[in-house]
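Q: Following this line is protein-v7.cif, made up of mmCIF, N, CA and C atoms, pLDDT in the B column; chains and numbers go by the auth columns:
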data_start
loop_
_atom_site.group_PDB
_atom_site.id
_atom_site.type_symbol
_atom_site.label_atom_id
_atom_site.label_comp_id
_atom_site.label_asym_id
_atom_site.label_seq_id
_atom_site.Cartn_x
_atom_site.Cartn_y
_atom_site.Cartn_z
_atom_site.B_iso_or_equiv
_atom_site.auth_seq_id
_atom_site.auth_asym_id
ATOM 1 N N MET A 1 111.847 103.994 86.031 90.00 1 A
ATOM 2 C CA MET A 1 111.592 102.599 85.788 90.00 1 A
ATOM 3 C C MET A 1 110.404 102.153 86.643 90.00 1 A
ATOM 4 N N ILE A 2 109.515 101.388 86.068 94.00 2 A
ATOM 5 C CA ILE A 2 108.327 100.906 86.746 94.00 2 A
ATOM 6 C C ILE A 2 108.624 99.548 87.395 94.00 2 A
ATOM 7 N N HIS A 3 108.248 99.411 88.665 96.00 3 A
ATOM 8 C CA HIS A 3 108.405 98.164 89.401 96.00 3 A
ATOM 9 C C HIS A 3 107.033 97.690 89.867 96.00 3 A
ATOM 10 N N THR A 4 106.944 96.424 90.224 97.00 4 A
ATOM 11 C CA THR A 4 105.724 95.873 90.791 97.00 4 A
ATOM 12 C C THR A 4 105.943 95.701 92.296 97.00 4 A
ATOM 13 N N TYR A 5 105.048 96.293 93.088 97.00 5 A
ATOM 14 C CA TYR A 5 105.146 96.250 94.542 97.00 5 A
ATOM 15 C C TYR A 5 103.991 95.433 95.111 97.00 5 A
ATOM 16 N N GLU A 6 104.283 94.677 96.153 97.00 6 A
ATOM 17 C CA GLU A 6 103.252 93.964 96.888 97.00 6 A
ATOM 18 C C GLU A 6 102.740 94.905 97.973 97.00 6 A
ATOM 19 N N VAL A 7 101.425 95.080 98.013 97.00 7 A
ATOM 20 C CA VAL A 7 100.823 96.035 98.950 97.00 7 A
ATOM 21 C C VAL A 7 99.656 95.357 99.665 97.00 7 A
ATOM 22 N N PHE A 8 99.621 95.488 100.985 98.00 8 A
ATOM 23 C CA PHE A 8 98.495 95.028 101.780 98.00 8 A
ATOM 24 C C PHE A 8 97.782 96.251 102.342 98.00 8 A
ATOM 25 N N VAL A 9 96.455 96.198 102.331 97.00 9 A
ATOM 26 C CA VAL A 9 95.665 97.300 102.867 97.00 9 A
ATOM 27 C C VAL A 9 94.697 96.736 103.909 97.00 9 A
ATOM 28 N N ASP A 10 94.848 97.181 105.159 97.00 10 A
ATOM 29 C CA ASP A 10 93.902 96.855 106.221 97.00 10 A
ATOM 30 C C ASP A 10 92.836 97.936 106.219 97.00 10 A
ATOM 31 N N MET A 11 91.571 97.502 106.247 96.00 11 A
ATOM 32 C CA MET A 11 90.470 98.461 106.196 96.00 11 A
ATOM 33 C C MET A 11 89.526 98.225 107.366 96.00 11 A
ATOM 34 N N LYS A 12 88.943 99.306 107.843 94.00 12 A
ATOM 35 C CA LYS A 12 87.986 99.235 108.950 94.00 12 A
ATOM 36 C C LYS A 12 86.802 100.114 108.581 94.00 12 A
ATOM 37 N N GLY A 13 85.623 99.603 108.808 89.00 13 A
ATOM 38 C CA GLY A 13 84.410 100.358 108.525 89.00 13 A
ATOM 39 C C GLY A 13 83.336 100.025 109.541 89.00 13 A
ATOM 40 N N PHE A 14 82.358 100.883 109.657 85.00 14 A
ATOM 41 C CA PHE A 14 81.267 100.669 110.593 85.00 14 A
ATOM 42 C C PHE A 14 80.074 100.083 109.858 85.00 14 A
ATOM 43 N N VAL A 15 79.319 99.217 110.553 79.00 15 A
ATOM 44 C CA VAL A 15 78.191 98.512 109.950 79.00 15 A
ATOM 45 C C VAL A 15 77.109 99.500 109.538 79.00 15 A
ATOM 46 N N GLY A 16 76.785 100.447 110.395 73.00 16 A
ATOM 47 C CA GLY A 16 75.777 101.456 110.093 73.00 16 A
ATOM 48 C C GLY A 16 76.245 102.824 110.566 73.00 16 A
ATOM 49 N N GLN A 17 75.517 103.859 110.177 72.00 17 A
ATOM 50 C CA GLN A 17 75.928 105.209 110.545 72.00 17 A
ATOM 51 C C GLN A 17 75.812 105.464 112.040 72.00 17 A
ATOM 52 N N THR A 18 74.840 104.853 112.697 72.00 18 A
ATOM 53 C CA THR A 18 74.657 105.067 114.130 72.00 18 A
ATOM 54 C C THR A 18 75.083 103.850 114.948 72.00 18 A
ATOM 55 N N ASP A 19 75.697 102.872 114.317 72.00 19 A
ATOM 56 C CA ASP A 19 76.084 101.625 114.968 72.00 19 A
ATOM 57 C C ASP A 19 77.528 101.707 115.455 72.00 19 A
ATOM 58 N N VAL A 20 77.805 101.103 116.600 77.00 20 A
ATOM 59 C CA VAL A 20 79.166 101.080 117.117 77.00 20 A
ATOM 60 C C VAL A 20 79.913 99.823 116.670 77.00 20 A
ATOM 61 N N ASN A 21 79.212 98.894 116.044 85.00 21 A
ATOM 62 C CA ASN A 21 79.850 97.680 115.543 85.00 21 A
ATOM 63 C C ASN A 21 80.611 97.981 114.258 85.00 21 A
ATOM 64 N N PHE A 22 81.786 97.382 114.128 87.00 22 A
ATOM 65 C CA PHE A 22 82.598 97.633 112.940 87.00 22 A
ATOM 66 C C PHE A 22 83.100 96.315 112.359 87.00 22 A
ATOM 67 N N TYR A 23 83.622 96.388 111.167 88.00 23 A
ATOM 68 C CA TYR A 23 84.222 95.229 110.516 88.00 23 A
ATOM 69 C C TYR A 23 85.623 95.598 110.055 88.00 23 A
ATOM 70 N N GLN A 24 86.468 94.588 109.966 94.00 24 A
ATOM 71 C CA GLN A 24 87.831 94.772 109.488 94.00 24 A
ATOM 72 C C GLN A 24 88.097 93.763 108.386 94.00 24 A
ATOM 73 N N GLU A 25 88.879 94.160 107.425 94.00 25 A
ATOM 74 C CA GLU A 25 89.298 93.240 106.377 94.00 25 A
ATOM 75 C C GLU A 25 90.649 93.686 105.832 94.00 25 A
ATOM 76 N N THR A 26 91.322 92.757 105.202 96.00 26 A
ATOM 77 C CA THR A 26 92.614 93.029 104.578 96.00 26 A
ATOM 78 C C THR A 26 92.547 92.581 103.133 96.00 26 A
ATOM 79 N N THR A 27 93.100 93.390 102.259 96.00 27 A
ATOM 80 C CA THR A 27 93.164 93.013 100.853 96.00 27 A
ATOM 81 C C THR A 27 94.600 93.154 100.364 96.00 27 A
ATOM 82 N N HIS A 28 94.896 92.460 99.298 96.00 28 A
ATOM 83 C CA HIS A 28 96.259 92.393 98.753 96.00 28 A
ATOM 84 C C HIS A 28 96.230 92.897 97.311 96.00 28 A
ATOM 85 N N TYR A 29 97.197 93.735 96.981 97.00 29 A
ATOM 86 C CA TYR A 29 97.320 94.245 95.615 97.00 29 A
ATOM 87 C C TYR A 29 98.761 94.080 95.144 97.00 29 A
ATOM 88 N N GLU A 30 98.908 93.944 93.847 96.00 30 A
ATOM 89 C CA GLU A 30 100.213 94.070 93.200 96.00 30 A
ATOM 90 C C GLU A 30 100.115 95.318 92.331 96.00 30 A
ATOM 91 N N ILE A 31 100.851 96.338 92.706 96.00 31 A
ATOM 92 C CA ILE A 31 100.752 97.666 92.090 96.00 31 A
ATOM 93 C C ILE A 31 102.002 97.958 91.276 96.00 31 A
ATOM 94 N N ASN A 32 101.812 98.387 90.045 97.00 32 A
ATOM 95 C CA ASN A 32 102.919 98.829 89.199 97.00 32 A
ATOM 96 C C ASN A 32 103.102 100.334 89.406 97.00 32 A
ATOM 97 N N ALA A 33 104.298 100.710 89.842 97.00 33 A
ATOM 98 C CA ALA A 33 104.567 102.125 90.119 97.00 33 A
ATOM 99 C C ALA A 33 106.063 102.394 90.027 97.00 33 A
ATOM 100 N N ALA A 34 106.400 103.666 89.944 95.00 34 A
ATOM 101 C CA ALA A 34 107.803 104.077 89.831 95.00 34 A
ATOM 102 C C ALA A 34 108.513 104.113 91.182 95.00 34 A
ATOM 103 N N SER A 35 107.730 104.205 92.291 95.00 35 A
ATOM 104 C CA SER A 35 108.346 104.283 93.620 95.00 35 A
ATOM 105 C C SER A 35 107.402 103.687 94.656 95.00 35 A
ATOM 106 N N LYS A 36 107.938 103.434 95.861 94.00 36 A
ATOM 107 C CA LYS A 36 107.100 102.921 96.947 94.00 36 A
ATOM 108 C C LYS A 36 106.029 103.934 97.336 94.00 36 A
ATOM 109 N N GLU A 37 106.375 105.201 97.310 95.00 37 A
ATOM 110 C CA GLU A 37 105.423 106.249 97.664 95.00 37 A
ATOM 111 C C GLU A 37 104.252 106.283 96.686 95.00 37 A
ATOM 112 N N LYS A 38 104.552 106.141 95.404 97.00 38 A
ATOM 113 C CA LYS A 38 103.495 106.130 94.387 97.00 38 A
ATOM 114 C C LYS A 38 102.644 104.869 94.519 97.00 38 A
ATOM 115 N N ALA A 39 103.264 103.731 94.835 96.00 39 A
ATOM 116 C CA ALA A 39 102.523 102.491 95.046 96.00 39 A
ATOM 117 C C ALA A 39 101.570 102.643 96.228 96.00 39 A
ATOM 118 N N ASP A 40 102.018 103.317 97.276 96.00 40 A
ATOM 119 C CA ASP A 40 101.179 103.583 98.440 96.00 40 A
ATOM 120 C C ASP A 40 99.957 104.398 98.037 96.00 40 A
ATOM 121 N N ASP A 41 100.174 105.470 97.282 96.00 41 A
ATOM 122 C CA ASP A 41 99.075 106.330 96.835 96.00 41 A
ATOM 123 C C ASP A 41 98.090 105.580 95.950 96.00 41 A
ATOM 124 N N LEU A 42 98.607 104.797 95.002 97.00 42 A
ATOM 125 C CA LEU A 42 97.741 104.049 94.086 97.00 42 A
ATOM 126 C C LEU A 42 96.933 102.985 94.820 97.00 42 A
ATOM 127 N N ALA A 43 97.537 102.311 95.784 97.00 43 A
ATOM 128 C CA ALA A 43 96.825 101.304 96.562 97.00 43 A
ATOM 129 C C ALA A 43 95.711 101.937 97.389 97.00 43 A
ATOM 130 N N PHE A 44 95.976 103.102 97.961 96.00 44 A
ATOM 131 C CA PHE A 44 94.951 103.810 98.731 96.00 44 A
ATOM 132 C C PHE A 44 93.763 104.166 97.848 96.00 44 A
ATOM 133 N N GLU A 45 94.030 104.705 96.679 97.00 45 A
ATOM 134 C CA GLU A 45 92.949 105.077 95.755 97.00 45 A
ATOM 135 C C GLU A 45 92.156 103.850 95.301 97.00 45 A
ATOM 136 N N LYS A 46 92.843 102.765 95.022 97.00 46 A
ATOM 137 C CA LYS A 46 92.175 101.534 94.584 97.00 46 A
ATOM 138 C C LYS A 46 91.305 100.968 95.704 97.00 46 A
ATOM 139 N N ALA A 47 91.834 100.916 96.924 96.00 47 A
ATOM 140 C CA ALA A 47 91.071 100.395 98.063 96.00 47 A
ATOM 141 C C ALA A 47 89.869 101.293 98.357 96.00 47 A
ATOM 142 N N ARG A 48 90.067 102.581 98.277 95.00 48 A
ATOM 143 C CA ARG A 48 88.965 103.519 98.532 95.00 48 A
ATOM 144 C C ARG A 48 87.858 103.378 97.488 95.00 48 A
ATOM 145 N N HIS A 49 88.245 103.109 96.258 96.00 49 A
ATOM 146 C CA HIS A 49 87.264 102.922 95.186 96.00 49 A
ATOM 147 C C HIS A 49 86.510 101.600 95.347 96.00 49 A
ATOM 148 N N GLU A 50 87.226 100.523 95.708 94.00 50 A
ATOM 149 C CA GLU A 50 86.611 99.203 95.837 94.00 50 A
ATOM 150 C C GLU A 50 85.843 99.032 97.144 94.00 50 A
ATOM 151 N N HIS A 51 86.212 99.783 98.186 91.00 51 A
ATOM 152 C CA HIS A 51 85.587 99.659 99.507 91.00 51 A
ATOM 153 C C HIS A 51 85.240 101.047 100.043 91.00 51 A
ATOM 154 N N PRO A 52 84.260 101.710 99.414 89.00 52 A
ATOM 155 C CA PRO A 52 83.974 103.100 99.809 89.00 52 A
ATOM 156 C C PRO A 52 83.359 103.243 101.197 89.00 52 A
ATOM 157 N N GLY A 53 82.819 102.165 101.772 85.00 53 A
ATOM 158 C CA GLY A 53 82.198 102.252 103.082 85.00 53 A
ATOM 159 C C GLY A 53 83.179 102.241 104.240 85.00 53 A
ATOM 160 N N CYS A 54 84.432 101.976 103.956 91.00 54 A
ATOM 161 C CA CYS A 54 85.432 101.931 105.023 91.00 54 A
ATOM 162 C C CYS A 54 85.811 103.344 105.459 91.00 54 A
ATOM 163 N N THR A 55 86.198 103.444 106.727 90.00 55 A
ATOM 164 C CA THR A 55 86.560 104.756 107.266 90.00 55 A
ATOM 165 C C THR A 55 88.041 104.878 107.567 90.00 55 A
ATOM 166 N N GLU A 56 88.734 103.746 107.673 94.00 56 A
ATOM 167 C CA GLU A 56 90.168 103.773 107.953 94.00 56 A
ATOM 168 C C GLU A 56 90.881 102.828 106.991 94.00 56 A
ATOM 169 N N TYR A 57 92.020 103.271 106.490 96.00 57 A
ATOM 170 C CA TYR A 57 92.843 102.470 105.578 96.00 57 A
ATOM 171 C C TYR A 57 94.283 102.503 106.066 96.00 57 A
ATOM 172 N N ASP A 58 94.867 101.328 106.240 97.00 58 A
ATOM 173 C CA ASP A 58 96.269 101.231 106.646 97.00 58 A
ATOM 174 C C ASP A 58 97.016 100.512 105.527 97.00 58 A
ATOM 175 N N ILE A 59 97.847 101.246 104.796 96.00 59 A
ATOM 176 C CA ILE A 59 98.536 100.713 103.624 96.00 59 A
ATOM 177 C C ILE A 59 99.948 100.307 104.002 96.00 59 A
ATOM 178 N N ARG A 60 100.328 99.089 103.601 96.00 60 A
ATOM 179 C CA ARG A 60 101.705 98.598 103.836 96.00 60 A
ATOM 180 C C ARG A 60 102.282 98.111 102.518 96.00 60 A
ATOM 181 N N VAL A 61 103.282 98.798 102.029 96.00 61 A
ATOM 182 C CA VAL A 61 104.035 98.324 100.867 96.00 61 A
ATOM 183 C C VAL A 61 105.109 97.394 101.431 96.00 61 A
ATOM 184 N N THR A 62 104.967 96.095 101.174 93.00 62 A
ATOM 185 C CA THR A 62 105.824 95.128 101.846 93.00 62 A
ATOM 186 C C THR A 62 107.107 94.819 101.088 93.00 62 A
ATOM 187 N N ARG A 63 107.017 94.717 99.763 92.00 63 A
ATOM 188 C CA ARG A 63 108.243 94.394 99.019 92.00 63 A
ATOM 189 C C ARG A 63 108.089 94.686 97.536 92.00 63 A
ATOM 190 N N GLN A 64 109.215 94.745 96.883 91.00 64 A
ATOM 191 C CA GLN A 64 109.254 94.946 95.436 91.00 64 A
ATOM 192 C C GLN A 64 109.325 93.558 94.805 91.00 64 A
ATOM 193 N N LEU A 65 108.343 93.242 93.962 90.00 65 A
ATOM 194 C CA LEU A 65 108.302 91.919 93.335 90.00 65 A
ATOM 195 C C LEU A 65 109.126 91.838 92.059 90.00 65 A
ATOM 196 N N ARG A 66 109.014 92.867 91.217 84.00 66 A
ATOM 197 C CA ARG A 66 109.758 92.888 89.948 84.00 66 A
ATOM 198 C C ARG A 66 110.275 94.280 89.691 84.00 66 A
#
Using the file provided, produce a representation of the structure as structure tokens.

A:
Amino acid sequence: MIHTYEVFVDMKGFVGQTDVNFYQETTHYEINAASKEKADDLAFEKARHEHPGCTEYDIRVTRQLR
């Protein structure tokens, strides 16, 4: 059965390749998946695709919406 999960992804990336300055942002997704583990994987892939410059991703599946 497919459920909708609320997922937050914290991302961190560096401004330039030789720069020590970094930026952080958080994005929110509603992911349709069969399990929390699959929702985690799908959110990671989506965040990586939308924010390819980031170097760290922290995924939190917070709750099942439907």

Q: Could you tell me, as an NGL selection string, exactly which residues end up selected when the PyMOL selection byres ((chain A and resi 6-8) around 6) is applied to this structure?

A: :A and (4-5 or 9-10 or 27-31 or 58-65)

Q: Show me, as a list in words, the residues that have an atom within 6 Å of Tyr23 in chain A when counting all atoms listed in the file, minus same-chain residues fewer than 6 positions from it.

A: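 Here the answer would be Met11, Lys12, Gly13, Phe14 and Val15 of chain A.
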
Q: Check the smallest atom-to-atom distance from each of A:Ala43, A:Lys38, A:Arg66, A:Asn21 to Ile2 in chain A using all atoms listed in the file, then report the winner.

A: A:Arg66

Q: Pull the helix (DSSP H, G or I) assignments for range 16-61 of chain A out of DSSP run on the backbone, and list those residues as a PyMOL selection string.

A: chain A and resi 36-50

Q: To box range 53-64 of chain A, take all atoms listed in the file, fit an axis-aligned box, add 4 Å on each side, and give centre and edge lengths in Å to one decimal, as lines of an AutoDock Vina configuration file.

A:
center_x = 95.8
center_y = 99.2
center_z = 101.4
size_x = 35.1
size_y = 19.3
size_z = 21.1

Q: What does the structure give for the distance between atom C of Thr18 in chain A and atom N of Glu50 in chain A, in Å to one decimal?

A: 23.0 Å

Q: Among range 3-66 of chain A, which residues does DSSP mark as strand (DSSP E) when it is run on the backbone? Keep the chain and numbering as in the structure and answer as JSON, numbers by chain.

A: {"A": [3, 4, 5, 6, 7, 8, 9, 10, 11, 12, 13, 14, 22, 23, 24, 25, 26, 27, 28, 29, 30, 31, 32, 33, 54, 55, 56, 57, 58, 59, 60, 61, 62, 63, 64]}

Q: For Met1 in chain A, which residue out of A:Glu56, A:Ala39, A:Ala33, A:Ala47 is the nearest one, using only C-alpha atoms?

A: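 When distances to Met1 in chain A are compared using only C-alpha atoms, the smallest one comes from A:Ala33.
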
Q: Counting only C-alpha atoms, which residue out of A:Glu37, A:Val20, A:Pro52, A:Lys46 sits closest to His3 in chain A?

A: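 Smallest distance to His3 in chain A is found for A:Glu37.
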
Q: For a test of reading the model, state the distance in Å between CA of Glu25 in chain A and CA of Asp40 in chain A, rounded to one decimal.

A: 17.6 Å

Q: Just the number, please: distance in Å from CA of Lys36 in chain A to atom N of His49 in chain A, one decimal.

A: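 These two atoms are separated by 18.9 Å.
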